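Listing of input-v8.pdb, PDB, C-alpha atoms
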```
ATOM      1  CA  MET A   1     111.146   8.393 -92.097
ATOM      2  CA  ARG A   2     107.977   9.583 -90.336
ATOM      3  CA  ARG A   3     108.654  10.575 -86.749
ATOM      4  CA  CYS A   4     105.727  10.157 -84.363
ATOM      5  CA  SER A   5     106.554  12.396 -81.479
ATOM      6  CA  LEU A   6     103.370  12.443 -79.502
ATOM      7  CA  GLN A   7     101.519   9.745 -77.598
ATOM      8  CA  ILE A   8      97.864  10.581 -77.149
ATOM      9  CA  LEU A   9      94.622   8.789 -76.398
ATOM     10  CA  LEU A  10      92.403   8.969 -79.486
ATOM     11  CA  ASN A  11      88.839   7.789 -78.953
ATOM     12  CA  GLY A  12      90.022   5.732 -76.020
ATOM     13  CA  GLU A  13      92.975   4.110 -77.793
ATOM     14  CA  ALA A  14      96.638   4.945 -77.372
ATOM     15  CA  VAL A  15      98.115   6.238 -80.626
ATOM     16  CA  ALA A  16     101.276   7.987 -81.751
ATOM     17  CA  THR A  17     100.979  11.050 -83.938
ATOM     18  CA  ASP A  18     103.179  13.768 -85.328
ATOM     19  CA  ALA A  19     100.252  16.192 -85.530
ATOM     20  CA  ARG A  20     100.956  19.345 -83.572
ATOM     21  CA  THR A  21      97.396  20.587 -83.409
ATOM     22  CA  LEU A  22      93.940  19.080 -83.260
ATOM     23  CA  ASP A  23      93.338  20.313 -86.791
ATOM     24  CA  GLU A  24      96.423  18.486 -88.059
ATOM     25  CA  LEU A  25      95.316  15.345 -86.257
ATOM     26  CA  CYS A  26      91.885  15.471 -87.931
ATOM     27  CA  ALA A  27      93.497  16.028 -91.318
ATOM     28  CA  SER A  28      95.945  13.153 -90.789
ATOM     29  CA  LEU A  29      92.974  10.851 -90.176
ATOM     30  CA  GLY A  30      91.210  11.981 -93.325
ATOM     31  CA  PHE A  31      88.587  13.980 -91.440
ATOM     32  CA  ALA A  32      89.256  17.308 -93.148
ATOM     33  CA  GLY A  33      85.821  18.401 -94.340
ATOM     34  CA  ALA A  34      84.129  15.412 -92.700
ATOM     35  CA  ARG A  35      81.128  15.804 -90.426
ATOM     36  CA  VAL A  36      82.884  15.298 -87.101
ATOM     37  CA  ALA A  37      83.029  17.108 -83.777
ATOM     38  CA  THR A  38      85.894  17.136 -81.330
ATOM     39  CA  ALA A  39      86.749  17.317 -77.656
ATOM     40  CA  VAL A  40      90.080  17.377 -75.850
ATOM     41  CA  ASN A  41      90.377  16.272 -72.234
ATOM     42  CA  GLY A  42      86.629  16.310 -71.797
ATOM     43  CA  SER A  43      86.012  19.781 -73.215
ATOM     44  CA  PHE A  44      84.388  20.562 -76.563
ATOM     45  CA  ILE A  45      86.661  22.163 -79.159
ATOM     46  CA  ALA A  46      84.800  23.969 -81.937
ATOM     47  CA  SER A  47      85.916  23.227 -85.480
ATOM     48  CA  ASN A  48      87.221  26.769 -85.947
ATOM     49  CA  LYS A  49      89.400  26.358 -82.835
ATOM     50  CA  ARG A  50      91.069  23.101 -83.855
ATOM     51  CA  ALA A  51      94.006  24.807 -85.553
ATOM     52  CA  LEU A  52      94.527  26.860 -82.402
ATOM     53  CA  THR A  53      94.480  23.802 -80.146
ATOM     54  CA  PRO A  54      97.959  22.332 -79.651
ATOM     55  CA  LEU A  55      98.237  18.691 -78.669
ATOM     56  CA  SER A  56     100.208  17.612 -75.633
ATOM     57  CA  PRO A  57     101.393  14.196 -74.502
ATOM     58  CA  GLU A  58      98.656  12.087 -72.924
ATOM     59  CA  ASP A  59      95.876  14.331 -74.258
ATOM     60  CA  GLU A  60      92.549  12.538 -74.489
ATOM     61  CA  VAL A  61      91.028  13.369 -77.859
ATOM     62  CA  GLU A  62      87.489  12.482 -78.893
ATOM     63  CA  ILE A  63      86.409  12.646 -82.549
ATOM     64  CA  VAL A  64      82.723  11.864 -82.990
ATOM     65  CA  ALA A  65      80.202  11.736 -85.806
ATOM     66  CA  PRO A  66      76.435  11.333 -86.222
ATOM     67  CA  ARG A  67      75.077   7.941 -85.286
ATOM     68  CA  GLN A  68      71.797   6.164 -84.678
ATOM     69  CA  GLY A  69      70.172   7.078 -81.385
ATOM     70  CA  GLY A  70      67.041   6.677 -79.310
TER      71      GLY A  70
ATOM     72  CA  MET B   1      49.540  20.736 -83.828
ATOM     73  CA  PHE B   2      51.880  21.048 -80.916
ATOM     74  CA  THR B   3      54.729  23.403 -80.240
ATOM     75  CA  LEU B   4      58.325  22.744 -79.221
ATOM     76  CA  TYR B   5      60.420  25.801 -78.542
ATOM     77  CA  GLY B   6      58.291  27.923 -80.836
ATOM     78  CA  GLU B   7      58.109  25.408 -83.696
ATOM     79  CA  ARG B   8      54.870  23.704 -84.610
ATOM     80  CA  PHE B   9      54.547  20.053 -85.522
ATOM     81  CA  ALA B  10      51.608  18.051 -86.814
ATOM     82  CA  SER B  11      52.894  14.630 -85.724
ATOM     83  CA  ARG B  12      52.964  13.880 -82.014
ATOM     84  CA  LEU B  13      55.180  10.833 -82.470
ATOM     85  CA  LEU B  14      58.946  11.209 -82.214
ATOM     86  CA  LEU B  15      60.982   8.241 -83.387
ATOM     87  CA  GLY B  16      64.428   6.950 -82.499
ATOM     88  CA  THR B  17      66.766   5.837 -85.285
ATOM     89  CA  ALA B  18      68.653   3.000 -83.538
ATOM     90  CA  GLN B  19      68.442  -0.800 -83.708
ATOM     91  CA  TYR B  20      66.650  -1.175 -87.053
ATOM     92  CA  PRO B  21      67.508  -4.277 -89.073
ATOM     93  CA  SER B  22      68.664  -2.140 -92.011
ATOM     94  CA  PRO B  23      68.940   1.486 -93.157
ATOM     95  CA  ALA B  24      66.116   0.836 -95.624
ATOM     96  CA  THR B  25      63.846  -0.358 -92.834
ATOM     97  CA  LEU B  26      64.697   2.725 -90.808
ATOM     98  CA  ARG B  27      63.764   4.953 -93.730
ATOM     99  CA  GLN B  28      60.470   3.145 -94.317
ATOM    100  CA  ALA B  29      59.624   3.128 -90.614
ATOM    101  CA  VAL B  30      60.172   6.877 -90.322
ATOM    102  CA  GLU B  31      57.913   7.416 -93.324
ATOM    103  CA  ALA B  32      55.224   5.071 -91.958
ATOM    104  CA  SER B  33      55.351   6.759 -88.552
ATOM    105  CA  SER B  34      54.751  10.233 -90.030
ATOM    106  CA  ALA B  35      57.297  11.434 -87.468
ATOM    107  CA  GLU B  36      58.684  14.887 -88.155
ATOM    108  CA  ILE B  37      61.377  14.598 -85.483
ATOM    109  CA  VAL B  38      63.873  11.752 -85.076
ATOM    110  CA  THR B  39      66.464  11.255 -82.378
ATOM    111  CA  VAL B  40      70.121  10.722 -83.186
ATOM    112  CA  SER B  41      73.333  10.380 -81.217
ATOM    113  CA  LEU B  42      77.016  10.941 -81.724
ATOM    114  CA  ARG B  43      79.641   8.288 -81.318
ATOM    115  CA  ARG B  44      83.354   7.873 -81.837
ATOM    116  CA  GLU B  45      84.204   7.947 -85.530
ATOM    117  CA  SER B  46      86.697   5.470 -86.920
ATOM    118  CA  ALA B  47      88.993   6.837 -89.616
ATOM    119  CA  ARG B  48      88.633   3.543 -91.446
ATOM    120  CA  ALA B  49      84.896   2.775 -91.175
ATOM    121  CA  ARG B  50      83.600   6.361 -91.212
ATOM    122  CA  ALA B  51      80.160   5.009 -90.293
ATOM    123  CA  GLY B  52      78.848   8.386 -89.224
ATOM    124  CA  GLN B  53      79.268   9.981 -92.627
ATOM    125  CA  GLY B  54      77.002   7.431 -94.315
ATOM    126  CA  PHE B  55      74.436   7.611 -91.523
ATOM    127  CA  TRP B  56      74.250  11.380 -91.854
ATOM    128  CA  GLU B  57      73.499  11.081 -95.583
ATOM    129  CA  LEU B  58      70.583   8.793 -94.749
ATOM    130  CA  ILE B  59      69.198  11.215 -92.163
ATOM    131  CA  GLU B  60      69.451  14.134 -94.558
ATOM    132  CA  GLN B  61      67.451  12.178 -97.129
ATOM    133  CA  LEU B  62      64.645  11.685 -94.603
ATOM    134  CA  GLY B  63      64.000  15.429 -94.500
ATOM    135  CA  VAL B  64      63.036  15.438 -90.798
ATOM    136  CA  ARG B  65      64.176  17.472 -87.816
ATOM    137  CA  VAL B  66      66.875  15.808 -85.744
ATOM    138  CA  LEU B  67      66.933  15.785 -81.981
ATOM    139  CA  PRO B  68      70.431  14.783 -80.843
ATOM    140  CA  ASN B  69      70.775  13.005 -77.510
ATOM    141  CA  THR B  70      73.490  12.693 -74.901
ATOM    142  CA  ALA B  71      72.851   8.978 -74.381
ATOM    143  CA  GLY B  72      75.392   7.198 -72.233
ATOM    144  CA  CYS B  73      76.649  10.275 -70.400
ATOM    145  CA  ARG B  74      77.120   9.703 -66.679
ATOM    146  CA  THR B  75      77.958  13.184 -65.480
ATOM    147  CA  ALA B  76      76.838  16.728 -66.164
ATOM    148  CA  LYS B  77      80.308  17.487 -67.556
ATOM    149  CA  GLU B  78      80.113  14.656 -70.096
ATOM    150  CA  ALA B  79      76.593  15.635 -71.074
ATOM    151  CA  ILE B  80      77.519  19.288 -71.558
ATOM    152  CA  ALA B  81      80.523  18.483 -73.765
ATOM    153  CA  THR B  82      78.415  16.012 -75.752
ATOM    154  CA  ALA B  83      75.661  18.607 -76.191
ATOM    155  CA  GLU B  84      78.190  21.148 -77.426
ATOM    156  CA  MET B  85      79.577  18.665 -79.948
ATOM    157  CA  ALA B  86      76.026  17.791 -81.031
ATOM    158  CA  ARG B  87      75.106  21.435 -81.575
ATOM    159  CA  GLU B  88      78.007  21.898 -83.952
ATOM    160  CA  LEU B  89      77.536  18.529 -85.653
ATOM    161  CA  PHE B  90      73.802  18.739 -86.240
ATOM    162  CA  GLY B  91      73.388  22.496 -86.427
ATOM    163  CA  THR B  92      70.560  22.622 -83.895
ATOM    164  CA  PRO B  93      70.198  24.135 -80.428
ATOM    165  CA  TRP B  94      67.922  21.235 -79.460
ATOM    166  CA  ILE B  95      69.376  18.654 -77.134
ATOM    167  CA  LYS B  96      67.709  15.591 -75.665
ATOM    168  CA  LEU B  97      69.548  15.753 -72.396
ATOM    169  CA  GLU B  98      70.290  12.402 -70.804
ATOM    170  CA  VAL B  99      72.429  11.921 -67.734
ATOM    171  CA  ILE B 100      72.256   8.255 -66.825
ATOM    172  CA  ALA B 101      72.421   6.942 -63.256
ATOM    173  CA  ASN B 102      73.088   3.233 -63.709
ATOM    174  CA  ASP B 103      73.111   0.389 -66.236
ATOM    175  CA  ASP B 104      70.276  -1.627 -64.739
ATOM    176  CA  THR B 105      67.540   0.969 -64.975
ATOM    177  CA  LEU B 106      69.128   3.585 -67.229
ATOM    178  CA  GLN B 107      67.184   5.998 -65.071
ATOM    179  CA  PRO B 108      68.021   9.693 -65.190
ATOM    180  CA  GLU B 109      70.641  10.913 -62.703
ATOM    181  CA  LEU B 110      68.494  13.797 -61.602
ATOM    182  CA  PHE B 111      71.074  15.928 -59.799
ATOM    183  CA  GLY B 112      73.424  15.879 -62.781
ATOM    184  CA  LEU B 113      70.461  16.434 -65.089
ATOM    185  CA  VAL B 114      69.416  19.640 -63.350
ATOM    186  CA  GLU B 115      73.028  20.840 -63.243
ATOM    187  CA  ALA B 116      73.585  20.195 -66.944
ATOM    188  CA  ALA B 117      70.198  21.618 -67.968
ATOM    189  CA  THR B 118      70.906  24.825 -66.068
ATOM    190  CA  ILE B 119      74.276  25.328 -67.748
ATOM    191  CA  LEU B 120      73.105  24.356 -71.228
ATOM    192  CA  ALA B 121      70.009  26.573 -71.101
ATOM    193  CA  ALA B 122      72.233  29.473 -70.101
ATOM    194  CA  GLU B 123      74.455  28.667 -73.111
ATOM    195  CA  GLY B 124      71.456  29.036 -75.408
ATOM    196  CA  PHE B 125      70.526  25.406 -75.818
ATOM    197  CA  GLN B 126      66.880  24.402 -76.074
ATOM    198  CA  VAL B 127      66.915  21.530 -73.646
ATOM    199  CA  LEU B 128      64.574  18.540 -73.745
ATOM    200  CA  PRO B 129      65.489  16.688 -70.553
ATOM    201  CA  TYR B 130      64.905  12.961 -70.132
ATOM    202  CA  THR B 131      63.607  12.891 -66.582
ATOM    203  CA  THR B 132      61.294  11.035 -64.233
ATOM    204  CA  GLU B 133      57.805  12.042 -63.118
ATOM    205  CA  ASP B 134      59.287  13.673 -59.988
ATOM    206  CA  LEU B 135      57.621  17.054 -59.492
ATOM    207  CA  SER B 136      60.418  18.782 -57.613
ATOM    208  CA  VAL B 137      62.951  17.904 -60.304
ATOM    209  CA  ALA B 138      60.486  19.013 -62.963
ATOM    210  CA  GLU B 139      60.151  22.362 -61.210
ATOM    211  CA  ARG B 140      63.921  22.766 -61.166
ATOM    212  CA  LEU B 141      64.147  21.931 -64.853
ATOM    213  CA  VAL B 142      61.404  24.374 -65.802
ATOM    214  CA  GLY B 143      63.061  26.965 -63.578
ATOM    215  CA  ALA B 144      66.331  26.375 -65.434
ATOM    216  CA  GLY B 145      64.601  27.265 -68.691
ATOM    217  CA  CYS B 146      63.339  23.951 -70.039
ATOM    218  CA  ALA B 147      60.134  24.527 -72.020
ATOM    219  CA  VAL B 148      59.790  20.786 -72.560
ATOM    220  CA  LEU B 149      59.978  17.868 -70.130
ATOM    221  CA  MET B 150      60.389  14.263 -71.188
ATOM    222  CA  PRO B 151      59.470  11.921 -68.335
ATOM    223  CA  TRP B 152      59.991   8.213 -68.729
ATOM    224  CA  ALA B 153      57.073   5.817 -68.779
ATOM    225  CA  ALA B 154      59.330   2.931 -67.754
ATOM    226  CA  PRO B 155      63.033   2.055 -68.089
ATOM    227  CA  ILE B 156      64.443   2.476 -71.604
ATOM    228  CA  GLY B 157      63.760  -0.553 -73.783
ATOM    229  CA  SER B 158      61.658  -2.288 -71.105
ATOM    230  CA  ALA B 159      58.324  -2.097 -72.993
ATOM    231  CA  ARG B 160      56.444  -1.951 -69.695
ATOM    232  CA  GLY B 161      54.300   1.066 -70.456
ATOM    233  CA  LEU B 162      53.165   3.658 -67.917
ATOM    234  CA  ILE B 163      54.355   2.086 -64.657
ATOM    235  CA  ASN B 164      53.501   5.171 -62.601
ATOM    236  CA  ARG B 165      50.337   6.343 -64.279
ATOM    237  CA  ASP B 166      49.218   8.363 -61.270
ATOM    238  CA  GLY B 167      52.549  10.172 -61.090
ATOM    239  CA  LEU B 168      52.368  11.005 -64.788
ATOM    240  CA  ARG B 169      48.800  12.271 -64.371
ATOM    241  CA  THR B 170      49.926  14.514 -61.543
ATOM    242  CA  LEU B 171      52.826  15.845 -63.606
ATOM    243  CA  ARG B 172      50.443  16.677 -66.459
ATOM    244  CA  ALA B 173      48.064  18.463 -64.096
ATOM    245  CA  TYR B 174      50.907  20.325 -62.390
ATOM    246  CA  PHE B 175      52.417  21.634 -65.624
ATOM    247  CA  PRO B 176      49.437  22.391 -67.868
ATOM    248  CA  ASP B 177      51.409  24.784 -70.075
ATOM    249  CA  THR B 178      54.704  22.897 -70.434
ATOM    250  CA  ALA B 179      55.160  20.538 -73.378
ATOM    251  CA  LEU B 180      55.343  17.029 -71.920
ATOM    252  CA  ILE B 181      56.646  14.146 -73.982
ATOM    253  CA  ILE B 182      56.664  10.559 -72.748
ATOM    254  CA  ASP B 183      60.141   9.240 -73.440
ATOM    255  CA  ALA B 184      61.131   5.612 -72.939
ATOM    256  CA  GLY B 185      59.486   2.417 -71.814
ATOM    257  CA  ILE B 186      56.642   2.293 -74.318
ATOM    258  CA  GLY B 187      56.216  -1.187 -75.806
ATOM    259  CA  ALA B 188      52.786  -1.247 -77.433
ATOM    260  CA  PRO B 189      50.598   1.154 -79.390
ATOM    261  CA  SER B 190      47.952   0.905 -76.655
ATOM    262  CA  GLN B 191      50.477   2.264 -74.147
ATOM    263  CA  ALA B 192      51.223   5.222 -76.401
ATOM    264  CA  ALA B 193      47.498   5.862 -76.741
ATOM    265  CA  GLU B 194      47.155   5.744 -72.949
ATOM    266  CA  ALA B 195      49.857   8.394 -72.567
ATOM    267  CA  MET B 196      48.132  10.597 -75.098
ATOM    268  CA  GLU B 197      44.756  10.116 -73.393
ATOM    269  CA  LEU B 198      46.363  11.465 -70.212
ATOM    270  CA  GLY B 199      46.984  14.673 -72.108
ATOM    271  CA  TYR B 200      50.652  14.246 -72.893
ATOM    272  CA  ASP B 201      51.718  16.309 -75.874
ATOM    273  CA  ALA B 202      53.719  13.618 -77.632
ATOM    274  CA  VAL B 203      55.426  10.254 -77.327
ATOM    275  CA  LEU B 204      59.029   9.400 -78.129
ATOM    276  CA  LEU B 205      59.943   5.786 -78.717
ATOM    277  CA  ASN B 206      62.474   3.648 -80.513
ATOM    278  CA  THR B 207      62.825   0.023 -79.435
ATOM    279  CA  ALA B 208      59.128  -0.855 -79.742
ATOM    280  CA  VAL B 209      59.276  -0.044 -83.444
ATOM    281  CA  ALA B 210      62.846  -0.991 -84.314
ATOM    282  CA  LYS B 211      62.708  -4.425 -82.652
ATOM    283  CA  ALA B 212      59.198  -5.327 -83.783
ATOM    284  CA  ALA B 213      58.891  -8.281 -86.142
ATOM    285  CA  ASP B 214      57.757  -5.780 -88.769
ATOM    286  CA  PRO B 215      59.071  -2.321 -87.841
ATOM    287  CA  VAL B 216      57.313  -0.532 -90.691
ATOM    288  CA  ARG B 217      53.864  -1.859 -89.761
ATOM    289  CA  MET B 218      54.550  -1.146 -86.104
ATOM    290  CA  ALA B 219      55.518   2.431 -86.965
ATOM    291  CA  ALA B 220      52.167   2.824 -88.713
ATOM    292  CA  ALA B 221      50.395   1.287 -85.704
ATOM    293  CA  PHE B 222      52.036   3.759 -83.331
ATOM    294  CA  ALA B 223      51.169   6.667 -85.600
ATOM    295  CA  ARG B 224      47.497   5.730 -85.416
ATOM    296  CA  ALA B 225      47.598   5.014 -81.676
ATOM    297  CA  VAL B 226      49.141   8.389 -80.915
ATOM    298  CA  GLU B 227      46.608  10.130 -83.105
ATOM    299  CA  ALA B 228      43.715   8.168 -81.570
ATOM    300  CA  GLY B 229      44.891   8.876 -78.035
ATOM    301  CA  ARG B 230      45.194  12.570 -78.739
ATOM    302  CA  LEU B 231      41.764  12.727 -80.366
ATOM    303  CA  GLY B 232      40.333  10.938 -77.358
ATOM    304  CA  PHE B 233      41.922  13.403 -74.981
ATOM    305  CA  GLU B 234      40.711  16.393 -76.966
ATOM    306  CA  ALA B 235      37.218  14.923 -77.193
ATOM    307  CA  GLY B 236      37.024  14.674 -73.395
ATOM    308  CA  LEU B 237      37.036  11.263 -71.748
ATOM    309  CA  ILE B 238      34.180  10.333 -69.451
ATOM    310  CA  GLU B 239      34.986   9.707 -65.804
ATOM    311  CA  PRO B 240      35.270   6.088 -64.694
ATOM    312  CA  ARG B 241      32.715   4.926 -62.105
ATOM    313  CA  ASP B 242      32.365   1.864 -59.939
ATOM    314  CA  MET B 243      28.863   0.719 -60.851
ATOM    315  CA  ALA B 244      27.060   0.221 -64.136
ATOM    316  CA  THR B 245      24.847   2.803 -65.728
ATOM    317  CA  PRO B 246      22.625   1.726 -68.625
ATOM    318  CA  SER B 247      23.423   3.184 -71.996
ATOM    319  CA  THR B 248      20.107   2.131 -73.562
ATOM    320  CA  PRO B 249      17.178   4.267 -72.385
ATOM    321  CA  VAL B 250      15.307   2.711 -69.469
ATOM    322  CA  ALA B 251      12.086   4.511 -70.267
ATOM    323  CA  GLY B 252       9.864   2.365 -72.454
ATOM    324  CA  THR B 253      11.623  -0.903 -71.760
ATOM    325  CA  PRO B 254       9.215  -3.730 -72.762
ATOM    326  CA  PHE B 255       7.969  -5.892 -69.893
ATOM    327  CA  PHE B 256       9.266  -3.219 -67.493
ATOM    328  CA  LYS B 257       7.825  -3.528 -63.996
ATOM    329  CA  ILE B 258       8.404  -0.847 -61.414
ATOM    330  CA  ASP B 259       8.758  -3.369 -58.559
ATOM    331  CA  ARG B 260      11.943  -4.722 -60.191
ATOM    332  CA  VAL B 261      13.735  -1.446 -59.581
ATOM    333  CA  SER B 262      15.695  -1.655 -56.369
TER     334      SER B 262
END
```
Once more with this new file: its structure as structure tokens, please.
Amino acid sequence: MRRCSLQILLNGEAVATDARTLDELCASLGFAGARVATAVNGSFIASNKRALTPLSPEDEVEIVAPRQGG
Amino acid sequence: MFTLYGERFASRLLLGTAQYPSPATLRQAVEASSAEIVTVSLRRESARARAGQGFWELIEQLGVRVLPNTAGCRTAKEAIATAEMARELFGTPWIKLEVIANDDTLQPELFGLVEAATILAAEGFQVLPYTTEDLSVAERLVGAGCAVLMPWAAPIGSARGLINRDGLRTLRAYFPDTALIIDAGIGAPSQAAEAMELGYDAVLLNTAVAKAADPVRMAAAFARAVEAGRLGFEAGLIEPRDMATPSTPVAGTPFFKIDRVS
């Protein structure tokens, strides 16, 4: 049985995850190789730093992608 | 041709990519506008919908430069993090820096704008700040390293045109060597032409095209208006005057009598 050990805020919504790092979280969402950028607790995390970024309870994670803009 | 951070562009119209009725209309409008630069944003990506991935494919097909914005950011900190995400996502040091003060006017929050521009320029970004016509703020932004300023004409999406024409004239005169782009508030091609006649380097707009009854025709109309306004500026506009002056030669007027001249 899958054990979700961590409660985080992902794009403004409370979710449970068993990802230990930001990289694992992205992969678990199917974003491996996708054109996305990330921030944790308001600070940008470069894609090559995601594997080095551990997740902690209550972390606020943003995963964003290109969108229409003015 | 005009230059933005060392790059030269033939089109002086920059186009936003939001609010079009369909992706196909967006593509056709960009083509009809002749724009070489389009603005884009970044938004939260849903693992299920993955809307951003499809949008990026469309933008790549357009073959234009992208100018990512920080729309919706309320603080310098938010804008900086958004700019950093945009740089990685879009692979460009350009950032259309927006720090927004309130929902009613969507006017720039100028203190946060200067703070964010200073930090981002030091981080190597090429900042295009969405600002007002305020001279002291403009000086701060140029001092921070901004080679481009983007003053509003009117509140975003308001279609009111150049509501402080005198202020925009002064800004142009005060910064003769800084690229100045009118950003926001343009509703009609005539308003874009007016901005260009003032000597502005370019115009950036979105809603006026995207929400037109026929966005593709409106994009073409703006392309011509911007070109006409620029040509007019380069050709040298005559000064307005209060009283009439005849354009047809007076000398040789039939039935002319000297006692009629006051």
>> Please check the contacts: residues of chain B at most 8 Å away from chain A, using only C-alpha atoms, listed as a ChimeraX atom specification.
In response: /B:15-19,39-45,47,51-53,55-56,68-69,71,77-78,81-82,84-86,88-90,205-207
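Closest approach to B:Ile163 among B:Asp103, B:Asp177, B:Glu239, B:Glu194: B:Glu194, based on all atoms listed in the file.
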Once the PyMOL selection byres ((chain B and resi 211) around 12) is applied to the coordinates I shared, what remains selected? I want it as an mmCIF file with C-alpha atoms, keeping the file's coordinate frame.
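Dumped to out02.cif:
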```
data_model
loop_
_atom_site.group_PDB
_atom_site.id
_atom_site.type_symbol
_atom_site.label_atom_id
_atom_site.label_comp_id
_atom_site.auth_asym_id
_atom_site.auth_seq_id
_atom_site.Cartn_x
_atom_site.Cartn_y
_atom_site.Cartn_z
ATOM 1 C CA GLY B 16 64.428 6.950 -82.499
ATOM 2 C CA THR B 17 66.766 5.837 -85.285
ATOM 3 C CA ALA B 18 68.653 3.000 -83.538
ATOM 4 C CA GLN B 19 68.442 -0.800 -83.708
ATOM 5 C CA TYR B 20 66.650 -1.175 -87.053
ATOM 6 C CA PRO B 21 67.508 -4.277 -89.073
ATOM 7 C CA SER B 22 68.664 -2.140 -92.011
ATOM 8 C CA THR B 25 63.846 -0.358 -92.834
ATOM 9 C CA LEU B 26 64.697 2.725 -90.808
ATOM 10 C CA ALA B 29 59.624 3.128 -90.614
ATOM 11 C CA GLY B 157 63.760 -0.553 -73.783
ATOM 12 C CA SER B 158 61.658 -2.288 -71.105
ATOM 13 C CA ALA B 159 58.324 -2.097 -72.993
ATOM 14 C CA GLY B 187 56.216 -1.187 -75.806
ATOM 15 C CA ALA B 188 52.786 -1.247 -77.433
ATOM 16 C CA LEU B 205 59.943 5.786 -78.717
ATOM 17 C CA ASN B 206 62.474 3.648 -80.513
ATOM 18 C CA THR B 207 62.825 0.023 -79.435
ATOM 19 C CA ALA B 208 59.128 -0.855 -79.742
ATOM 20 C CA VAL B 209 59.276 -0.044 -83.444
ATOM 21 C CA ALA B 210 62.846 -0.991 -84.314
ATOM 22 C CA ALA B 212 59.198 -5.327 -83.783
ATOM 23 C CA ALA B 213 58.891 -8.281 -86.142
ATOM 24 C CA ASP B 214 57.757 -5.780 -88.769
ATOM 25 C CA PRO B 215 59.071 -2.321 -87.841
ATOM 26 C CA VAL B 216 57.313 -0.532 -90.691
ATOM 27 C CA ARG B 217 53.864 -1.859 -89.761
ATOM 28 C CA MET B 218 54.550 -1.146 -86.104
ATOM 29 C CA ALA B 219 55.518 2.431 -86.965
#
```
>> If we count all atoms listed in the file and set the cut-off at 6 Å, which residues sit around A:Thr53, ignoring sequence neighbours fewer than 3 positions away in its own chain? Please answer as number ranges by chain.
In response: A: 21-22, 50
Hey, what comes out of the PyMOL selection byres ((chain B and resi 162) around 12) on this file? Could you write it as an mmCIF file with C-alpha atoms, in the frame of the given file?
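Result went into out18.cif, see below:
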```cif
data_model
loop_
_atom_site.group_PDB
_atom_site.id
_atom_site.type_symbol
_atom_site.label_atom_id
_atom_site.label_comp_id
_atom_site.auth_asym_id
_atom_site.auth_seq_id
_atom_site.Cartn_x
_atom_site.Cartn_y
_atom_site.Cartn_z
ATOM 1 C CA THR B 132 61.294 11.035 -64.233
ATOM 2 C CA GLU B 133 57.805 12.042 -63.118
ATOM 3 C CA PRO B 151 59.470 11.921 -68.335
ATOM 4 C CA TRP B 152 59.991 8.213 -68.729
ATOM 5 C CA ALA B 153 57.073 5.817 -68.779
ATOM 6 C CA ALA B 154 59.330 2.931 -67.754
ATOM 7 C CA PRO B 155 63.033 2.055 -68.089
ATOM 8 C CA ILE B 156 64.443 2.476 -71.604
ATOM 9 C CA SER B 158 61.658 -2.288 -71.105
ATOM 10 C CA ALA B 159 58.324 -2.097 -72.993
ATOM 11 C CA ARG B 160 56.444 -1.951 -69.695
ATOM 12 C CA GLY B 161 54.300 1.066 -70.456
ATOM 13 C CA ILE B 163 54.355 2.086 -64.657
ATOM 14 C CA ASN B 164 53.501 5.171 -62.601
ATOM 15 C CA ARG B 165 50.337 6.343 -64.279
ATOM 16 C CA ASP B 166 49.218 8.363 -61.270
ATOM 17 C CA GLY B 167 52.549 10.172 -61.090
ATOM 18 C CA LEU B 168 52.368 11.005 -64.788
ATOM 19 C CA ARG B 169 48.800 12.271 -64.371
ATOM 20 C CA ILE B 182 56.664 10.559 -72.748
ATOM 21 C CA ASP B 183 60.141 9.240 -73.440
ATOM 22 C CA ALA B 184 61.131 5.612 -72.939
ATOM 23 C CA GLY B 185 59.486 2.417 -71.814
ATOM 24 C CA ILE B 186 56.642 2.293 -74.318
ATOM 25 C CA GLY B 187 56.216 -1.187 -75.806
ATOM 26 C CA ALA B 188 52.786 -1.247 -77.433
ATOM 27 C CA SER B 190 47.952 0.905 -76.655
ATOM 28 C CA GLN B 191 50.477 2.264 -74.147
ATOM 29 C CA ALA B 192 51.223 5.222 -76.401
ATOM 30 C CA ALA B 193 47.498 5.862 -76.741
ATOM 31 C CA GLU B 194 47.155 5.744 -72.949
ATOM 32 C CA ALA B 195 49.857 8.394 -72.567
ATOM 33 C CA MET B 196 48.132 10.597 -75.098
ATOM 34 C CA GLU B 197 44.756 10.116 -73.393
ATOM 35 C CA LEU B 198 46.363 11.465 -70.212
ATOM 36 C CA TYR B 200 50.652 14.246 -72.893
ATOM 37 C CA VAL B 203 55.426 10.254 -77.327
#
```
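For the file at hand, the PyMOL selection byres ((chain B and resi 12) around 7) resolves to Ala10, Ser11, Leu13, Leu14, Asp201, Ala202, Val203 and Val226 of chain B.
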> Near stretch 125-129 of chain B, counting all atoms listed in the file, which residues have an atom at most 10 Å away, once you skip same-chain residues fewer than 4 positions from it, shown as JSON, numbers by chain?
Replying inline: {"B": [4, 5, 67, 68, 69, 70, 83, 84, 87, 92, 93, 94, 95, 96, 97, 98, 99, 108, 110, 113, 114, 116, 117, 118, 119, 120, 121, 138, 141, 142, 144, 145, 146, 147, 148, 149, 150, 151, 179, 180, 181, 183]}
>> Please determine, counting all atoms listed in the file, which residue among A:Asp23, A:Asn41, A:Ala14, A:Lys49 has the shortest atom-to-atom distance to A:Val61.
In response: A:Asn41
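Take atom CA of B:Ala35 and atom CA of B:Arg230: the distance between them is 15.0 Å.
The space separating atom CA of B:Ala79 from atom CA of B:Gly63 comes to 26.6 Å.
Our summary of the geometry notes that atom CA of A:Ala51 is positioned 7.2 Å from atom CA of A:Glu24.
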>> For B:Val64, find every residue with an atom within 9 Å (counting all atoms listed in the file), except residues of its own chain fewer than 6 positions away, and show them as a VMD selection string.
In response: chain B and resid 35 to 38
